[in-house]
>>> print(open('start.cif').read())   # mmCIF, C-alpha atoms
data_upload
#
loop_
_atom_site.label_atom_id
_atom_site.label_comp_id
_atom_site.auth_asym_id
_atom_site.auth_seq_id
_atom_site.Cartn_x
_atom_site.Cartn_y
_atom_site.Cartn_z
CA MET I 1 10.56 18.19 -24.40
CA MET I 2 11.59 14.62 -23.64
CA TYR I 3 9.78 12.87 -20.80
CA ARG I 4 10.46 9.93 -18.52
CA LEU I 5 7.62 8.43 -16.52
CA PHE I 6 8.18 7.17 -13.00
CA PHE I 7 5.54 5.06 -11.31
CA PHE I 8 4.54 5.71 -7.73
CA SER I 9 2.01 2.89 -7.46
CA SER I 10 3.22 1.66 -4.09
CA LEU I 11 0.44 3.80 -2.68
CA ILE I 12 -1.92 0.96 -3.52
CA PHE I 13 -0.17 -1.74 -1.60
CA PHE I 14 1.84 -0.48 1.33
CA LYS I 15 -0.88 1.29 3.18
CA ILE I 16 0.59 1.07 6.66
CA LEU I 17 4.15 1.71 5.52
CA ILE I 18 3.34 5.25 4.39
CA PRO I 19 1.26 8.04 5.91
CA PRO I 20 -2.27 8.55 4.54
CA PHE I 21 -1.18 12.01 3.43
CA LEU I 22 2.20 12.64 1.79
CA TYR I 23 3.95 15.92 2.37
CA ALA I 24 6.33 17.51 -0.10
CA GLU I 25 9.46 16.18 1.59
CA ASP I 26 8.07 12.62 1.44
CA LEU I 27 7.57 12.63 -2.32
CA PRO I 28 9.87 12.18 -5.30
CA GLN I 29 10.42 14.84 -7.92
CA GLY I 30 6.74 15.09 -8.78
CA GLN I 31 6.05 16.97 -5.55
CA ILE I 32 2.37 16.19 -5.47
CA GLY I 33 0.10 14.51 -2.94
CA LEU I 34 -3.18 12.65 -2.80
CA SER I 35 -5.56 12.19 0.10
CA PRO I 36 -6.70 9.55 0.73
CA SER I 37 -4.14 7.33 -0.97
CA ILE I 38 -6.32 4.21 -0.87
CA PHE I 39 -9.95 3.11 -0.47
CA GLU I 40 -10.26 -0.31 1.15
CA ASN I 41 -13.71 -0.47 2.72
CA ILE I 42 -16.18 0.47 -0.01
CA GLN I 43 -19.34 -1.64 0.08
CA LEU I 44 -21.44 -2.07 -3.03
CA GLY I 45 -25.19 -2.01 -2.55
CA THR I 46 -28.36 -0.61 -4.04
CA LYS I 47 -27.26 3.01 -3.70
CA PRO I 48 -24.44 4.78 -5.59
CA VAL I 49 -21.15 5.30 -3.77
CA ASN I 50 -19.75 8.84 -3.86
CA GLU I 51 -16.18 9.62 -2.77
CA THR I 52 -13.63 12.43 -3.12
CA ILE I 53 -9.86 12.45 -3.66
CA ARG I 54 -7.97 15.69 -3.03
CA PHE I 55 -5.00 16.40 -5.30
CA PHE I 56 -2.22 18.60 -3.81
CA ASN I 57 0.30 20.53 -5.90
CA PHE I 58 3.39 21.44 -3.83
CA ARG I 59 5.29 22.86 -6.80
CA GLU I 60 6.16 26.47 -7.46
CA GLU I 61 4.34 26.23 -10.79
CA PRO I 62 0.96 24.97 -12.01
CA VAL I 63 0.53 21.32 -12.87
CA THR I 64 -1.89 19.84 -15.40
CA VAL I 65 -3.26 16.39 -14.67
CA GLN I 66 -5.08 13.70 -16.63
CA VAL I 67 -7.16 11.09 -14.79
CA SER I 68 -7.90 7.53 -15.90
CA VAL I 69 -9.32 4.41 -14.27
CA HIS I 70 -8.31 0.80 -14.89
CA ASN I 71 -8.97 -2.78 -13.87
CA TRP I 72 -5.96 -4.48 -12.23
CA THR I 73 -4.50 -7.50 -10.50
CA ILE I 74 -1.14 -8.56 -9.04
CA ASP I 75 1.01 -10.91 -11.12
CA ALA I 76 3.14 -13.85 -9.93
CA ASN I 77 6.05 -11.48 -9.27
CA ASN I 78 3.96 -9.27 -6.96
CA LYS I 79 3.80 -6.51 -9.57
CA LEU I 80 0.78 -4.47 -10.56
CA GLU I 81 -0.75 -5.70 -13.82
CA LEU I 82 -3.44 -3.77 -15.68
CA LEU I 83 -6.28 -5.88 -17.05
CA PRO I 84 -8.85 -5.32 -19.80
CA PRO I 85 -12.24 -4.21 -18.49
CA SER I 86 -15.06 -6.70 -18.02
CA LYS I 87 -18.73 -6.55 -17.08
CA GLN I 88 -17.78 -7.27 -13.47
CA SER I 89 -14.73 -4.99 -13.21
CA LEU I 90 -15.03 -1.99 -10.94
CA ASP I 91 -13.47 0.42 -13.44
CA GLN I 92 -16.56 0.06 -15.67
CA TRP I 93 -18.80 1.31 -12.89
CA ILE I 94 -16.78 4.42 -11.94
CA THR I 95 -17.51 7.94 -13.16
CA ILE I 96 -14.85 10.59 -12.42
CA ASN I 97 -15.14 14.36 -12.51
CA PRO I 98 -13.02 16.05 -13.75
CA LEU I 99 -10.82 13.92 -15.98
CA HIS I 100 -8.51 16.80 -16.91
CA PHE I 101 -7.59 19.78 -14.75
CA THR I 102 -4.87 22.26 -13.80
CA VAL I 103 -3.91 23.02 -10.20
CA PRO I 104 -2.12 26.32 -9.46
CA ALA I 105 1.13 26.32 -7.50
CA LYS I 106 0.79 25.45 -3.79
CA GLN I 107 -2.91 24.71 -4.13
CA SER I 108 -5.20 21.70 -4.24
CA ARG I 109 -8.47 20.65 -5.77
CA PRO I 110 -11.01 17.84 -5.20
CA VAL I 111 -11.66 15.09 -7.72
CA ARG I 112 -14.95 13.28 -7.21
CA PHE I 113 -15.90 9.82 -8.32
CA SER I 114 -19.07 7.77 -8.16
CA ILE I 115 -19.60 4.02 -8.35
CA ARG I 116 -22.81 2.81 -9.99
CA PRO I 117 -22.74 -0.90 -10.93
CA ARG I 118 -24.27 -1.54 -14.35
CA VAL I 119 -25.00 -5.17 -13.48
CA LYS I 120 -25.49 -7.00 -10.21
CA PRO I 121 -22.01 -7.35 -8.67
CA ASP I 122 -20.77 -10.85 -8.05
CA PRO I 123 -20.06 -11.64 -4.38
CA GLY I 124 -16.61 -10.70 -3.18
CA GLU I 125 -14.05 -8.13 -4.21
CA HIS I 126 -13.97 -5.73 -7.17
CA ARG I 127 -10.88 -3.57 -7.76
CA ALA I 128 -9.87 -0.48 -9.70
CA ILE I 129 -6.99 1.95 -9.80
CA ILE I 130 -7.39 5.66 -10.52
CA TYR I 131 -4.25 7.09 -12.11
CA PHE I 132 -3.31 10.76 -11.86
CA SER I 133 -0.82 11.44 -14.66
CA GLU I 134 0.99 14.67 -15.39
CA ALA I 135 0.11 16.06 -18.79
CA PRO I 136 3.12 17.20 -20.88
CA SER I 137 3.67 20.92 -21.17
CA THR I 138 3.47 22.56 -24.60
CA LYS I 139 5.31 25.73 -23.58
CA ASP I 140 8.85 24.38 -23.41
CA THR I 141 10.98 25.37 -26.42
CA THR I 142 13.99 23.21 -25.53
CA ALA I 143 12.40 19.98 -26.67
CA GLN I 144 15.64 18.26 -27.65
CA LYS I 145 17.66 19.33 -24.60
CA THR I 146 15.35 18.99 -21.64
CA ILE I 147 14.46 15.76 -19.90
CA LYS I 148 11.62 16.10 -17.47
CA THR I 149 10.31 13.44 -15.12
CA ARG I 150 6.54 13.17 -15.09
CA PHE I 151 4.55 11.53 -12.35
CA ARG I 152 1.85 8.90 -12.50
CA VAL I 153 0.32 8.21 -9.11
CA GLY I 154 -2.20 5.46 -8.45
CA VAL I 155 -5.00 5.37 -5.89
CA GLY I 156 -6.21 1.84 -5.28
CA ILE I 157 -9.91 1.13 -4.77
CA TYR I 158 -11.19 -2.08 -3.20
CA ALA I 159 -14.96 -2.58 -3.15
CA THR I 160 -16.91 -5.62 -1.99
CA SER I 161 -20.33 -7.11 -2.60
CA LYS I 162 -21.97 -9.41 -0.04
CA PRO I 163 -21.46 -12.12 0.98
CA VAL I 164 -17.80 -11.42 1.77
CA GLU I 165 -15.41 -14.06 3.09
CA LYS I 166 -12.07 -12.92 4.49
CA LYS I 167 -10.13 -16.17 4.91
CA ALA I 168 -6.48 -17.09 4.56
CA VAL I 169 -4.01 -19.85 5.40
CA LEU I 170 -0.55 -19.03 6.75
CA HIS I 171 1.42 -22.00 5.41
CA SER I 172 4.70 -20.88 6.96
CA PHE I 173 6.31 -17.94 8.72
CA ARG I 174 10.06 -18.07 8.95
CA TYR I 175 13.29 -16.14 9.09
CA ASN I 176 15.16 -16.38 5.79
CA LYS I 177 18.13 -14.38 4.47
CA HIS I 178 17.80 -11.36 6.77
CA ALA I 179 14.04 -11.16 6.26
CA LEU I 180 10.80 -12.48 7.69
CA SER I 181 9.00 -14.55 5.07
CA ALA I 182 5.26 -15.32 5.19
CA ASP I 183 3.73 -17.88 2.83
CA ILE I 184 0.07 -16.83 2.57
CA GLU I 185 -2.80 -18.42 0.65
CA ASN I 186 -6.01 -16.42 0.27
CA THR I 187 -8.96 -18.81 0.42
CA GLY I 188 -11.66 -16.13 0.65
CA ASN I 189 -13.14 -13.70 -1.85
CA THR I 190 -11.53 -10.44 -0.69
CA HIS I 191 -7.88 -9.43 -0.26
CA VAL I 192 -6.00 -10.03 2.97
CA ARG I 193 -2.97 -8.37 4.52
CA LEU I 194 -0.49 -9.60 7.10
CA LYS I 195 -0.53 -6.84 9.71
CA GLY I 196 1.72 -6.57 12.71
CA GLN I 197 5.09 -5.61 14.11
CA PHE I 198 8.40 -7.11 15.18
CA ILE I 199 11.16 -6.32 17.65
CA VAL I 200 14.75 -7.51 17.89
CA TRP I 201 16.50 -8.11 21.24
CA ASN I 202 19.90 -9.40 22.23
CA GLU I 203 19.27 -12.87 23.66
CA ASN I 204 21.21 -12.08 26.84
CA ASN I 205 19.02 -9.05 27.59
CA LEU I 206 15.64 -10.35 26.48
CA PRO I 207 13.05 -9.27 29.09
CA GLN I 208 11.41 -12.19 30.84
CA GLU I 209 7.91 -11.35 29.71
CA SER I 210 5.21 -13.91 29.10
CA ASP I 211 2.92 -11.22 27.67
CA PHE I 212 3.97 -10.07 24.20
CA ASP I 213 2.23 -6.72 24.70
CA ASN I 214 4.55 -5.91 27.60
CA LEU I 215 7.53 -6.98 25.55
CA PHE I 216 6.60 -4.59 22.75
CA SER I 217 5.77 -1.73 25.11
CA LYS I 218 9.30 -1.82 26.54
CA SER I 219 10.70 -1.13 23.08
CA LYS I 220 8.68 2.11 22.87
CA GLU I 221 10.30 3.73 25.90
CA LYS I 222 12.25 6.93 25.21
CA THR I 223 15.37 5.43 26.76
CA LYS I 224 15.80 2.14 24.95
CA PRO I 225 16.46 -0.82 27.26
CA GLU I 226 19.85 -2.52 27.11
CA GLY I 227 19.85 -5.20 24.44
CA PHE I 228 17.12 -3.65 22.32
CA ALA I 229 18.31 -3.82 18.69
CA GLY I 230 15.41 -2.65 16.53
CA ARG I 231 11.75 -2.78 15.69
CA GLY I 232 9.54 -2.40 12.63
CA ILE I 233 6.22 -2.99 10.89
CA LEU I 234 5.44 -6.07 8.83
CA ASN I 235 5.04 -5.70 5.08
CA SER I 236 1.28 -5.47 4.49
CA PHE I 237 1.35 -6.25 0.77
CA PRO I 238 -2.12 -7.51 -0.26
CA VAL I 239 -2.74 -11.12 -1.18
CA LEU I 240 -5.66 -11.24 -3.61
CA PRO I 241 -8.45 -13.85 -3.61
CA GLY I 242 -7.48 -17.23 -5.05
CA THR I 243 -3.74 -16.53 -4.92
CA ARG I 244 -0.81 -17.73 -2.85
CA ARG I 245 2.06 -15.32 -2.29
CA THR I 246 5.24 -14.99 -0.27
CA VAL I 247 5.42 -11.63 1.48
CA GLU I 248 8.82 -10.62 2.88
CA THR I 249 9.74 -8.02 5.49
CA PRO I 250 13.44 -6.99 5.63
CA LEU I 251 14.98 -7.11 9.10
CA PRO I 252 17.36 -4.49 10.51
CA GLN I 253 20.78 -5.99 11.08
CA PRO I 254 22.19 -5.52 14.61
CA GLU I 255 25.40 -3.52 14.80
CA LYS I 256 27.10 -5.85 17.30
CA SER I 257 27.83 -9.54 16.91
CA GLY I 258 25.87 -11.97 19.02
CA THR I 259 22.68 -13.97 19.23
CA TYR I 260 19.39 -12.12 18.91
CA ILE I 261 15.72 -12.95 19.35
CA VAL I 262 13.18 -11.67 16.83
CA ALA I 263 9.68 -11.43 18.35
CA VAL I 264 6.76 -11.03 15.95
CA LYS I 265 3.13 -10.21 16.66
CA ASP I 266 0.79 -10.35 13.65
CA THR I 267 -2.79 -10.76 12.50
CA LEU I 268 -3.97 -12.40 9.27
CA ALA I 269 -7.66 -12.45 8.30
CA GLY I 270 -8.63 -11.73 11.90
CA THR I 271 -6.43 -14.44 13.44
CA PRO I 272 -3.68 -13.16 15.80
CA ARG I 273 -0.37 -15.01 16.13
CA THR I 274 3.02 -14.66 17.82
CA HIS I 275 6.39 -15.97 16.64
CA LEU I 276 9.92 -16.15 18.04
CA PHE I 277 13.07 -16.55 15.93
CA LYS I 278 16.75 -16.80 16.85
CA LEU I 279 19.13 -14.69 14.78
CA ALA I 280 22.89 -15.13 14.96
CA LYS I 281 25.26 -12.48 13.69
#
>>> encode(input="start.cif", output="structure tokens")
Amino acid sequence: MMYRLFFFSSLIFFKILIPPFLYAEDLPQGQIGLSPSIFENIQLGTKPVNETIRFFNFREEPVTVQVSVHNWTIDANNKLELLPPSKQSLDQWITINPLHFTVPAKQSRPVRFSIRPRVKPDPGEHRAIIYFSEAPSTKDTTAQKTIKTRFRVGVGIYATSKPVEKKAVLHSFRYNKHALSADIENTGNTHVRLKGQFIVWNENNLPQESDFDNLFSKSKEKTKPEGFAGRGILNSFPVLPGTRRTVETPLPQPEKSGTYIVAVKDTLAGTPRTHLFKLAK
């Protein structure tokens, strides 16, 4: 059997853009799910950390899975990059059980992992990714004719050791080529995310609200107010310590021509901000 791998590693980065649990209709051909899809608040101390990931098989047939753990970073193109292990990398401190298993159709099973640092962790963030990869089947006799897509799903793990500094500089936040663009520099020792939401209004119908919370609440009404053109969530892609990245959020394009106001409410490293942009179509 011939195999093609697809990578579903967005689970690591876009935490608030996807639900914590993925149902069958939300997944690609692999038809599997993991819960939770990310661990962001693990604290390293004197005691071992024990956690569980539940693997769901939504298929009509059994699936065999292999588990591996790796050190990782994000490259200059905002892509996941696997790194060799080191004495301070989280992957070297993780024990997983089991590493190989089969899940019957429409069932699930837990996979447990423990974190036991072998040396004193340096202050700040330590990262790992646990990959769940489909093992190739040995029963297929049409090896030269069948192409099967296998899954490889990553669960990101962020752990910190005190003292932890969550600090960042927002160098610019602007509207650029149908997207909101945030230039973020992480000056702390743990990852940061730009979290927030935006709404788009026709300028002629923009509610006269001095309080942004009231402005956003109007867009949640069942009957949308006249002039309301769209809303969304900001891209929460992580910016790792010691890096500077541009994080973009695509904007919905209004159907009608005119001048629109884009209102943004966000938080970065604990600092809330508001922004207003004028969009002409």
>>> atom_distance(input="start.cif", atom1="CA of Pro238 (chain I)", atom2="CA of Lys177 (chain I)")
21.9 Å
>>> closest_residue(input="start.cif", among="I:Ile233, I:Ile94, I:Ala159, I:Val262", to="Pro123 (chain I)", atoms="only C-alpha atoms")
I:Ala159
>>> residues_around(input="start.cif", residues="Ala128 (chain I)", least_positions_apart="5", cutoff="6 Å", atoms="all atoms listed in the file", output="number ranges by chain")
I: 70-71, 90-91, 157
>>> atom_distance(input="start.cif", atom1="CA of Glu185 (chain I)", atom2="CA of Pro85 (chain I)")
25.6 Å
>>> resolve_selection(input="start.cif", expression="the PyMOL selection byres ((chain I and resi 163-172) around 12)", output="NGL selection string")
:I and (41 or 43-45 or 121-126 or 159-162 or 173-176 or 180-194 or 238-248 or 266-273 or 275)
>>> atom_distance(input="start.cif", atom1="CA of Gly156 (chain I)", atom2="CA of Pro250 (chain I)")
24.1 Å
>>> closest_residue(input="start.cif", among="I:Pro254, I:Gly232, I:Pro48, I:Pro136", to="Ala280 (chain I)", atoms="all atoms listed in the file")
I:Pro254
>>> resolve_selection(input="start.cif", expression="the PyMOL selection byres ((chain I and resi 115-117) around 8)", output="list in words")
Lys47, Pro48, Val49, Asn50, Leu90, Gln92, Trp93, Ile94, Thr95, Phe113, Ser114, Arg118, Val119, Lys120 and Pro121 of chain I
